[in-house]
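Peer 1: The structure follows.
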Amino acid sequence: YYNEICGYLKELTVLYVNQNETYRLKSTARILELLACLVEHFSEPVSLVATQTRAGNMERLETAFYFGADAVYLSGRAFGLRAYAGNFDDAQLEQAVLYAHGLGKKVYIAANIFLREQDIPAFKDYIALLGRIAADGVIISDLGAAALAKEICPELPLHISTQFNAMNHLTISSLHNIGASRIILARELSIEEIRRIRDNIPEDIELEGFVHGAM
């Protein structure tokens with residue numbers, strides 16, 4: 001629409017100079033029509049960047065949202081790598097999701113341990129729980145755990161953790177093929193490397209990157 005509007009504006013300039021009323025009205029009408037199309041097209045603002053931080057407990061979650069975070073990521077009492085961070089029991093996980101959704105915010109649950117054989121039965125129950133409480137996504141590092149999560153709860157968005165160390169578009173596309181909707185990139189990547197990845201993957205793959213904080 002932009003180029004067409006510019007063309008009509010140039011035409012209007014000539015027509016006003018020449019005082020051609022008929023064509024001036026026609027061009028003005030067409031510009032108004034194009035502007036209406038633009039308004040309709042962009043009536044829903046689209047944000048390409050969302051801010052997210054970690055919440056180790058309910059107080060920190062509330063603080064993050066108060067200061068403008070779009071989302072938080074947190075862990076339950078099991079299956080998260082931050083085992084000594086306080087974390088949320090099952091009831092608190094549900095409370096956190098309900099609170100966030102009431103504000104129009106999102107909660108992503110980290111279940112990013114690398115599974116041992118004995119972890120698998122309880123992990124299945126945990127993924128089912130995250131689906132029931134309508135978590136906005138689960139963050140996973142283990143490839144088998146990722147496939148299992150999509151099998152148990154296909155509607156739960158799958159995010160691949162930074163611990164997976166995804167560093168190129170081939171890896172990211174492969175993860176997308178098993179159902180991942182977002183890849184949290186390796187922290188070593190530069191802006192230019194991320195740009196090259198973005199240019200070589202489908203548009204529907206979301207990329208997330210850390211801008212502050214230690215591993």
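Residue numbering restarts at 1 for every chain of the structure tokens, chains are lettered A, B, ... in their displayed order, and ligands are numbered from 1 as they appear.
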Excluding same-chain residues fewer than 6 positions from region 60-76 of chain A, what lies within 7 Å of it counting only C-alpha atoms, as a list in words?
Peer 2: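 Using only C-alpha atoms, the neighbours found are Ala50, Thr51, Gln52, Thr53, Arg54, Asn87, Phe88, Asp89, Asp90, Leu93, Lys105, Lys106, Val107, Tyr108, Ile109, Ala110 and Ala111 of chain A.
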Peer 1: So which residues touch His169 (chain A) within 8 Å, counting only C-alpha atoms, skipping near sequence neighbours fewer than 6 positions away, as a ChimeraX atom specification?
Peer 2: /A:197-198,200-201
Peer 1: Name the residues in contact with Ser174 (chain A) at a cut-off of 12 Å, using only C-alpha atoms, excluding same-chain residues fewer than 5 positions from it; report them as a ChimeraX atom specification.
Peer 2: /A:143,160,166,168-169,179-181,183,201-202,205
Peer 1: I need the chosen residues saved as a tab-separated table (two decimals), in the first residue's frame, with N, CA and C atoms.
Peer 2:
chain	number	residue	atom	x	y	z
A	143	LEU	N	16.10	-34.07	24.58
A	143	LEU	CA	15.41	-34.34	23.31
A	143	LEU	C	14.29	-35.37	23.49
A	160	ILE	N	12.48	-24.98	23.59
A	160	ILE	CA	13.75	-25.67	23.81
A	160	ILE	C	14.69	-24.76	24.60
A	166	ALA	N	21.44	-24.61	21.07
A	166	ALA	CA	21.13	-24.47	19.64
A	166	ALA	C	21.87	-23.26	19.09
A	168	ASN	N	22.64	-22.95	15.36
A	168	ASN	CA	22.57	-22.78	13.91
A	168	ASN	C	21.17	-23.12	13.42
A	169	HIS	N	20.89	-22.72	12.17
A	169	HIS	CA	19.53	-22.87	11.65
A	169	HIS	C	19.17	-24.34	11.38
A	179	GLY	N	8.24	-30.43	16.87
A	179	GLY	CA	7.14	-29.75	17.54
A	179	GLY	C	7.48	-28.53	18.35
A	180	ALA	N	8.75	-28.13	18.39
A	180	ALA	CA	9.12	-26.94	19.17
A	180	ALA	C	8.64	-25.68	18.47
A	181	SER	N	7.99	-24.81	19.23
A	181	SER	CA	7.53	-23.54	18.66
A	181	SER	C	8.49	-22.40	18.95
A	183	ILE	N	12.72	-21.56	20.25
A	183	ILE	CA	14.06	-22.03	20.59
A	183	ILE	C	14.75	-20.93	21.39
A	201	ILE	N	15.34	-19.63	8.70
A	201	ILE	CA	14.35	-20.53	9.31
A	201	ILE	C	12.95	-20.02	9.00
A	202	PRO	N	11.95	-20.89	9.09
A	202	PRO	CA	10.57	-20.45	8.84
A	202	PRO	C	10.14	-19.34	9.79
A	205	ILE	N	8.82	-19.95	13.54
A	205	ILE	CA	9.69	-20.37	14.66
A	205	ILE	C	10.07	-19.12	15.46
Peer 1: Rank A:Ser190, A:Asn177, A:Gln118, A:Asn112 by their smallest atom-to-atom distance to Gln163 (chain A), using only C-alpha atoms, and report the top residue only.
Peer 2: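 Of A:Ser190, A:Asn177, A:Gln118, A:Asn112, the one nearest Gln163 (chain A) is A:Asn112, counting only C-alpha atoms.
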Peer 1: One decimal, in Å: what's the spacing between CA of Gly144 (chain A) and CA of Gln95 (chain A)?
Peer 2: 28.7 Å
Peer 1: So how far away is CA of Leu115 (chain A) from CA of Lys150 (chain A), in Å?
Peer 2: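 We find that CA of Lys150 (chain A) and CA of Leu115 (chain A) lie 15.5 Å from each other.
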Peer 1: Looking at only C-alpha atoms, which of A:Glu188, A:Glu151, A:Glu206, A:Asp142 is the one that sits closest to Ile127 (chain A)?
Peer 2: A:Glu151
Peer 1: Measuring between only C-alpha atoms, which one of A:Leu175, A:Ala78, A:Leu207, A:Ile152 shows the shortest distance to Val49 (chain A)?
Peer 2: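 Comparing A:Leu175, A:Ala78, A:Leu207, A:Ile152 against Val49 (chain A), the winner is A:Leu207.
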Peer 1: Using Å and a single decimal, report how far CA of Arg195 (chain A) sits from CA of Leu156 (chain A).
Peer 2: 27.4 Å
Peer 1: Skip Leu185 (chain A) itself and residues of its chain fewer than 2 positions away, then list as a count of residues only all residues within 8 Å of it, counting only C-alpha atoms.
Peer 2: 12
Peer 1: Pick out each residue of region 47-200 of chain A that DSSP on the backbone tags as helix (DSSP H, G or I); I need them as an mmCIF file with N, CA, C and O atoms, in the first residue's frame.
Peer 2:
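Written output follows (result-v3.cif):
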data_model
loop_
_atom_site.group_PDB
_atom_site.id
_atom_site.type_symbol
_atom_site.label_atom_id
_atom_site.label_comp_id
_atom_site.auth_asym_id
_atom_site.auth_seq_id
_atom_site.Cartn_x
_atom_site.Cartn_y
_atom_site.Cartn_z
ATOM 1 N N MET A 58 6.445 -16.461 44.318
ATOM 2 C CA MET A 58 5.293 -15.649 43.935
ATOM 3 C C MET A 58 5.578 -14.157 44.074
ATOM 4 O O MET A 58 5.134 -13.348 43.252
ATOM 5 N N GLU A 59 6.320 -13.789 45.095
ATOM 6 C CA GLU A 59 6.635 -12.371 45.295
ATOM 7 C C GLU A 59 7.441 -11.821 44.115
ATOM 8 O O GLU A 59 7.176 -10.723 43.622
ATOM 9 N N ARG A 60 8.404 -12.581 43.646
ATOM 10 C CA ARG A 60 9.224 -12.127 42.521
ATOM 11 C C ARG A 60 8.415 -12.113 41.229
ATOM 12 O O ARG A 60 8.641 -11.251 40.371
ATOM 13 N N LEU A 61 7.485 -13.054 41.088
ATOM 14 C CA LEU A 61 6.601 -13.039 39.924
ATOM 15 C C LEU A 61 5.774 -11.755 39.896
ATOM 16 O O LEU A 61 5.674 -11.083 38.868
ATOM 17 N N GLU A 62 5.167 -11.411 41.032
ATOM 18 C CA GLU A 62 4.356 -10.194 41.108
ATOM 19 C C GLU A 62 5.201 -8.956 40.834
ATOM 20 O O GLU A 62 4.756 -8.026 40.144
ATOM 21 N N THR A 63 6.420 -8.953 41.347
ATOM 22 C CA THR A 63 7.312 -7.807 41.120
ATOM 23 C C THR A 63 7.678 -7.679 39.649
ATOM 24 O O THR A 63 7.688 -6.574 39.092
ATOM 25 N N ALA A 64 7.970 -8.808 39.008
ATOM 26 C CA ALA A 64 8.327 -8.779 37.584
ATOM 27 C C ALA A 64 7.200 -8.186 36.751
ATOM 28 O O ALA A 64 7.424 -7.336 35.872
ATOM 29 N N PHE A 65 5.975 -8.616 37.009
ATOM 30 C CA PHE A 65 4.841 -8.101 36.247
ATOM 31 C C PHE A 65 4.577 -6.626 36.575
ATOM 32 O O PHE A 65 4.213 -5.840 35.696
ATOM 33 N N TYR A 66 4.767 -6.252 37.826
ATOM 34 C CA TYR A 66 4.552 -4.851 38.220
ATOM 35 C C TYR A 66 5.480 -3.921 37.443
ATOM 36 O O TYR A 66 5.086 -2.817 37.038
ATOM 37 N N ASP A 90 2.846 -27.685 43.174
ATOM 38 C CA ASP A 90 1.831 -27.809 42.125
ATOM 39 C C ASP A 90 0.723 -26.770 42.276
ATOM 40 O O ASP A 90 0.281 -26.161 41.289
ATOM 41 N N ALA A 91 0.260 -26.558 43.505
ATOM 42 C CA ALA A 91 -0.804 -25.578 43.741
ATOM 43 C C ALA A 91 -0.324 -24.173 43.421
ATOM 44 O O ALA A 91 -1.064 -23.352 42.853
ATOM 45 N N GLN A 92 0.921 -23.871 43.756
ATOM 46 C CA GLN A 92 1.474 -22.543 43.477
ATOM 47 C C GLN A 92 1.679 -22.324 41.988
ATOM 48 O O GLN A 92 1.541 -21.194 41.506
ATOM 49 N N LEU A 93 2.004 -23.385 41.257
ATOM 50 C CA LEU A 93 2.112 -23.262 39.805
ATOM 51 C C LEU A 93 0.783 -22.820 39.209
ATOM 52 O O LEU A 93 0.726 -21.906 38.378
ATOM 53 N N GLU A 94 -0.293 -23.457 39.645
ATOM 54 C CA GLU A 94 -1.615 -23.086 39.140
ATOM 55 C C GLU A 94 -1.966 -21.663 39.538
ATOM 56 O O GLU A 94 -2.504 -20.895 38.726
ATOM 57 N N GLN A 95 -1.639 -21.289 40.775
ATOM 58 C CA GLN A 95 -1.899 -19.924 41.233
ATOM 59 C C GLN A 95 -1.132 -18.912 40.390
ATOM 60 O O GLN A 95 -1.665 -17.860 40.015
ATOM 61 N N ALA A 96 0.121 -19.223 40.073
ATOM 62 C CA ALA A 96 0.951 -18.312 39.277
ATOM 63 C C ALA A 96 0.364 -18.116 37.883
ATOM 64 O O ALA A 96 0.314 -16.992 37.369
ATOM 65 N N VAL A 97 -0.078 -19.211 37.264
ATOM 66 C CA VAL A 97 -0.655 -19.122 35.917
ATOM 67 C C VAL A 97 -1.941 -18.306 35.937
ATOM 68 O O VAL A 97 -2.163 -17.430 35.086
ATOM 69 N N LEU A 98 -2.804 -18.552 36.909
ATOM 70 C CA LEU A 98 -4.062 -17.805 37.007
ATOM 71 C C LEU A 98 -3.800 -16.316 37.222
ATOM 72 O O LEU A 98 -4.452 -15.460 36.613
ATOM 73 N N TYR A 99 -2.849 -16.006 38.083
ATOM 74 C CA TYR A 99 -2.513 -14.602 38.355
ATOM 75 C C TYR A 99 -1.996 -13.916 37.096
ATOM 76 O O TYR A 99 -2.421 -12.811 36.746
ATOM 77 N N ALA A 100 -1.072 -14.587 36.395
ATOM 78 C CA ALA A 100 -0.492 -14.011 35.178
ATOM 79 C C ALA A 100 -1.555 -13.801 34.111
ATOM 80 O O ALA A 100 -1.629 -12.735 33.490
ATOM 81 N N HIS A 101 -2.389 -14.784 33.901
ATOM 82 C CA HIS A 101 -3.413 -14.672 32.865
ATOM 83 C C HIS A 101 -4.421 -13.576 33.188
ATOM 84 O O HIS A 101 -4.970 -12.947 32.276
ATOM 85 N N GLY A 102 -4.655 -13.338 34.470
ATOM 86 C CA GLY A 102 -5.526 -12.241 34.862
ATOM 87 C C GLY A 102 -4.976 -10.878 34.474
ATOM 88 O O GLY A 102 -5.734 -9.914 34.312
ATOM 89 N N GLU A 117 16.180 -42.761 33.574
ATOM 90 C CA GLU A 117 15.088 -43.706 33.363
ATOM 91 C C GLU A 117 14.028 -43.606 34.462
ATOM 92 O O GLU A 117 12.831 -43.636 34.204
ATOM 93 N N GLN A 118 14.493 -43.460 35.719
ATOM 94 C CA GLN A 118 13.551 -43.443 36.830
ATOM 95 C C GLN A 118 12.725 -42.158 36.893
ATOM 96 O O GLN A 118 11.721 -42.088 37.625
ATOM 97 N N ASP A 119 13.112 -41.128 36.125
ATOM 98 C CA ASP A 119 12.375 -39.868 36.127
ATOM 99 C C ASP A 119 11.151 -39.904 35.209
ATOM 100 O O ASP A 119 10.245 -39.071 35.343
ATOM 101 N N ILE A 120 11.112 -40.819 34.265
ATOM 102 C CA ILE A 120 10.135 -40.751 33.178
ATOM 103 C C ILE A 120 8.685 -40.855 33.642
ATOM 104 O O ILE A 120 7.847 -40.045 33.228
ATOM 105 N N PRO A 121 8.314 -41.819 34.522
ATOM 106 C CA PRO A 121 6.897 -41.892 34.919
ATOM 107 C C PRO A 121 6.381 -40.618 35.562
ATOM 108 O O PRO A 121 5.289 -40.130 35.212
ATOM 109 N N ALA A 122 7.147 -40.036 36.492
ATOM 110 C CA ALA A 122 6.707 -38.807 37.148
ATOM 111 C C ALA A 122 6.707 -37.629 36.179
ATOM 112 O O ALA A 122 5.864 -36.730 36.292
ATOM 113 N N PHE A 123 7.626 -37.646 35.225
ATOM 114 C CA PHE A 123 7.670 -36.570 34.233
ATOM 115 C C PHE A 123 6.400 -36.562 33.386
ATOM 116 O O PHE A 123 5.859 -35.498 33.060
ATOM 117 N N LYS A 124 5.894 -37.739 33.053
ATOM 118 C CA LYS A 124 4.650 -37.820 32.288
ATOM 119 C C LYS A 124 3.507 -37.157 33.052
ATOM 120 O O LYS A 124 2.719 -36.383 32.484
ATOM 121 N N ASP A 125 3.416 -37.442 34.342
ATOM 122 C CA ASP A 125 2.358 -36.840 35.157
ATOM 123 C C ASP A 125 2.532 -35.322 35.241
ATOM 124 O O ASP A 125 1.548 -34.577 35.249
ATOM 125 N N TYR A 126 3.784 -34.878 35.297
ATOM 126 C CA TYR A 126 4.058 -33.445 35.423
ATOM 127 C C TYR A 126 3.639 -32.696 34.156
ATOM 128 O O TYR A 126 3.030 -31.623 34.237
ATOM 129 N N ILE A 127 3.926 -33.244 33.010
ATOM 130 C CA ILE A 127 3.521 -32.607 31.750
ATOM 131 C C ILE A 127 2.000 -32.534 31.662
ATOM 132 O O ILE A 127 1.422 -31.518 31.236
ATOM 133 N N ALA A 128 1.326 -33.601 32.091
ATOM 134 C CA ALA A 128 -0.146 -33.586 32.101
ATOM 135 C C ALA A 128 -0.657 -32.481 33.012
ATOM 136 O O ALA A 128 -1.639 -31.792 32.688
ATOM 137 N N LEU A 129 0.003 -32.279 34.169
ATOM 138 C CA LEU A 129 -0.374 -31.203 35.082
ATOM 139 C C LEU A 129 -0.232 -29.839 34.414
ATOM 140 O O LEU A 129 -1.140 -28.994 34.505
ATOM 141 N N LEU A 130 0.872 -29.604 33.721
ATOM 142 C CA LEU A 130 1.096 -28.315 33.062
ATOM 143 C C LEU A 130 0.027 -28.046 32.005
ATOM 144 O O LEU A 130 -0.391 -26.905 31.812
ATOM 145 N N GLY A 131 -0.411 -29.097 31.344
ATOM 146 C CA GLY A 131 -1.501 -28.940 30.396
ATOM 147 C C GLY A 131 -2.802 -28.566 31.082
ATOM 148 O O GLY A 131 -3.533 -27.686 30.617
ATOM 149 N N ARG A 132 -3.089 -29.207 32.220
ATOM 150 C CA ARG A 132 -4.349 -28.938 32.936
ATOM 151 C C ARG A 132 -4.422 -27.521 33.477
ATOM 152 O O ARG A 132 -5.498 -26.902 33.493
ATOM 153 N N LEU A 143 16.099 -34.074 24.584
ATOM 154 C CA LEU A 143 15.412 -34.342 23.315
ATOM 155 C C LEU A 143 14.293 -35.371 23.489
ATOM 156 O O LEU A 143 13.186 -35.210 22.960
ATOM 157 N N GLY A 144 14.558 -36.431 24.257
ATOM 158 C CA GLY A 144 13.531 -37.429 24.498
ATOM 159 C C GLY A 144 12.381 -36.864 25.299
ATOM 160 O O GLY A 144 11.205 -37.176 25.043
ATOM 161 N N ALA A 145 12.694 -36.009 26.276
ATOM 162 C CA ALA A 145 11.652 -35.364 27.074
ATOM 163 C C ALA A 145 10.783 -34.462 26.206
ATOM 164 O O ALA A 145 9.562 -34.370 26.401
ATOM 165 N N ALA A 146 11.401 -33.795 25.243
ATOM 166 C CA ALA A 146 10.646 -32.926 24.340
ATOM 167 C C ALA A 146 9.652 -33.724 23.521
ATOM 168 O O ALA A 146 8.475 -33.350 23.393
ATOM 169 N N ALA A 147 10.096 -34.841 22.971
ATOM 170 C CA ALA A 147 9.202 -35.690 22.184
ATOM 171 C C ALA A 147 8.085 -36.254 23.056
ATOM 172 O O ALA A 147 6.920 -36.320 22.639
ATOM 173 N N LEU A 148 8.423 -36.635 24.278
ATOM 174 C CA LEU A 148 7.432 -37.181 25.195
ATOM 175 C C LEU A 148 6.388 -36.128 25.568
ATOM 176 O O LEU A 148 5.190 -36.421 25.640
ATOM 177 N N ALA A 149 6.835 -34.899 25.800
ATOM 178 C CA ALA A 149 5.908 -33.816 26.147
ATOM 179 C C ALA A 149 4.903 -33.581 25.034
ATOM 180 O O ALA A 149 3.704 -33.379 25.294
ATOM 181 N N LYS A 150 5.352 -33.597 23.776
ATOM 182 C CA LYS A 150 4.421 -33.389 22.651
ATOM 183 C C LYS A 150 3.460 -34.565 22.505
ATOM 184 O O LYS A 150 2.319 -34.387 22.078
ATOM 185 N N GLU A 151 3.912 -35.751 22.869
ATOM 186 C CA GLU A 151 3.040 -36.925 22.793
ATOM 187 C C GLU A 151 1.945 -36.855 23.862
ATOM 188 O O GLU A 151 0.774 -37.144 23.591
ATOM 189 N N ILE A 152 2.322 -36.461 25.074
ATOM 190 C CA ILE A 152 1.372 -36.450 26.186
ATOM 191 C C ILE A 152 0.423 -35.262 26.109
ATOM 192 O O ILE A 152 -0.785 -35.398 26.364
ATOM 193 N N THR A 162 17.901 -23.026 26.594
ATOM 194 C CA THR A 162 19.251 -22.594 26.202
ATOM 195 C C THR A 162 20.288 -23.669 26.509
ATOM 196 O O THR A 162 21.348 -23.717 25.871
ATOM 197 N N GLN A 163 19.997 -24.563 27.470
ATOM 198 C CA GLN A 163 20.926 -25.649 27.785
ATOM 199 C C GLN A 163 21.108 -26.627 26.621
ATOM 200 O O GLN A 163 22.062 -27.398 26.606
ATOM 201 N N PHE A 164 20.193 -26.595 25.655
ATOM 202 C CA PHE A 164 20.352 -27.451 24.479
ATOM 203 C C PHE A 164 21.473 -26.941 23.573
ATOM 204 O O PHE A 164 21.996 -27.676 22.749
ATOM 205 N N HIS A 169 20.886 -22.717 12.170
ATOM 206 C CA HIS A 169 19.532 -22.873 11.649
ATOM 207 C C HIS A 169 19.169 -24.340 11.384
ATOM 208 O O HIS A 169 18.004 -24.710 11.421
ATOM 209 N N LEU A 170 20.173 -25.179 11.150
ATOM 210 C CA LEU A 170 19.891 -26.593 10.909
ATOM 211 C C LEU A 170 19.336 -27.258 12.175
ATOM 212 O O LEU A 170 18.348 -28.001 12.131
ATOM 213 N N THR A 171 19.996 -26.989 13.298
ATOM 214 C CA THR A 171 19.523 -27.528 14.574
ATOM 215 C C THR A 171 18.140 -27.001 14.901
ATOM 216 O O THR A 171 17.243 -27.750 15.317
ATOM 217 N N ILE A 172 17.937 -25.708 14.705
ATOM 218 C CA ILE A 172 16.661 -25.085 15.039
ATOM 219 C C ILE A 172 15.539 -25.638 14.172
ATOM 220 O O ILE A 172 14.435 -25.924 14.660
ATOM 221 N N SER A 173 15.789 -25.818 12.910
ATOM 222 C CA SER A 173 14.768 -26.388 12.029
ATOM 223 C C SER A 173 14.435 -27.824 12.427
ATOM 224 O O SER A 173 13.274 -28.241 12.371
ATOM 225 N N SER A 174 15.446 -28.596 12.842
ATOM 226 C CA SER A 174 15.210 -29.967 13.286
ATOM 227 C C SER A 174 14.355 -29.995 14.547
ATOM 228 O O SER A 174 13.451 -30.829 14.687
ATOM 229 N N LEU A 175 14.612 -29.074 15.469
ATOM 230 C CA LEU A 175 13.811 -28.991 16.689
ATOM 231 C C LEU A 175 12.371 -28.585 16.377
ATOM 232 O O LEU A 175 11.423 -29.079 16.988
ATOM 233 N N HIS A 176 12.228 -27.703 15.411
ATOM 234 C CA HIS A 176 10.890 -27.291 14.978
ATOM 235 C C HIS A 176 10.130 -28.486 14.403
ATOM 236 O O HIS A 176 8.911 -28.620 14.613
ATOM 237 N N ASN A 177 10.841 -29.364 13.724
ATOM 238 C CA ASN A 177 10.202 -30.531 13.113
ATOM 239 C C ASN A 177 9.645 -31.511 14.138
ATOM 240 O O ASN A 177 8.745 -32.302 13.816
ATOM 241 N N ILE A 191 24.591 -10.924 17.896
ATOM 242 C CA ILE A 191 23.423 -10.407 17.192
ATOM 243 C C ILE A 191 23.481 -10.782 15.712
ATOM 244 O O ILE A 191 22.475 -11.162 15.109
ATOM 245 N N GLU A 192 24.661 -10.680 15.122
ATOM 246 C CA GLU A 192 24.795 -11.002 13.700
ATOM 247 C C GLU A 192 24.529 -12.480 13.438
ATOM 248 O O GLU A 192 23.892 -12.844 12.439
ATOM 249 N N GLU A 193 25.004 -13.345 14.327
ATOM 250 C CA GLU A 193 24.737 -14.775 14.164
ATOM 251 C C GLU A 193 23.248 -15.071 14.294
ATOM 252 O O GLU A 193 22.687 -15.878 13.538
ATOM 253 N N ILE A 194 22.590 -14.407 15.228
ATOM 254 C CA ILE A 194 21.143 -14.586 15.399
ATOM 255 C C ILE A 194 20.403 -14.101 14.150
ATOM 256 O O ILE A 194 19.449 -14.733 13.694
ATOM 257 N N ARG A 195 20.867 -13.003 13.580
ATOM 258 C CA ARG A 195 20.235 -12.473 12.365
ATOM 259 C C ARG A 195 20.347 -13.475 11.218
ATOM 260 O O ARG A 195 19.383 -13.693 10.468
ATOM 261 N N ARG A 196 21.498 -14.101 11.083
ATOM 262 C CA ARG A 196 21.673 -15.083 10.007
ATOM 263 C C ARG A 196 20.779 -16.304 10.231
ATOM 264 O O ARG A 196 20.225 -16.868 9.278
ATOM 265 N N ILE A 197 20.645 -16.731 11.484
ATOM 266 C CA ILE A 197 19.727 -17.828 11.796
ATOM 267 C C ILE A 197 18.306 -17.447 11.422
ATOM 268 O O ILE A 197 17.591 -18.207 10.767
ATOM 269 N N ARG A 198 17.892 -16.258 11.834
ATOM 270 C CA ARG A 198 16.524 -15.802 11.568
ATOM 271 C C ARG A 198 16.226 -15.795 10.077
ATOM 272 O O ARG A 198 15.102 -16.128 9.654
ATOM 273 N N ASP A 199 17.204 -15.449 9.276
ATOM 274 C CA ASP A 199 17.017 -15.377 7.823
ATOM 275 C C ASP A 199 16.907 -16.755 7.171
ATOM 276 O O ASP A 199 16.512 -16.851 6.006
#
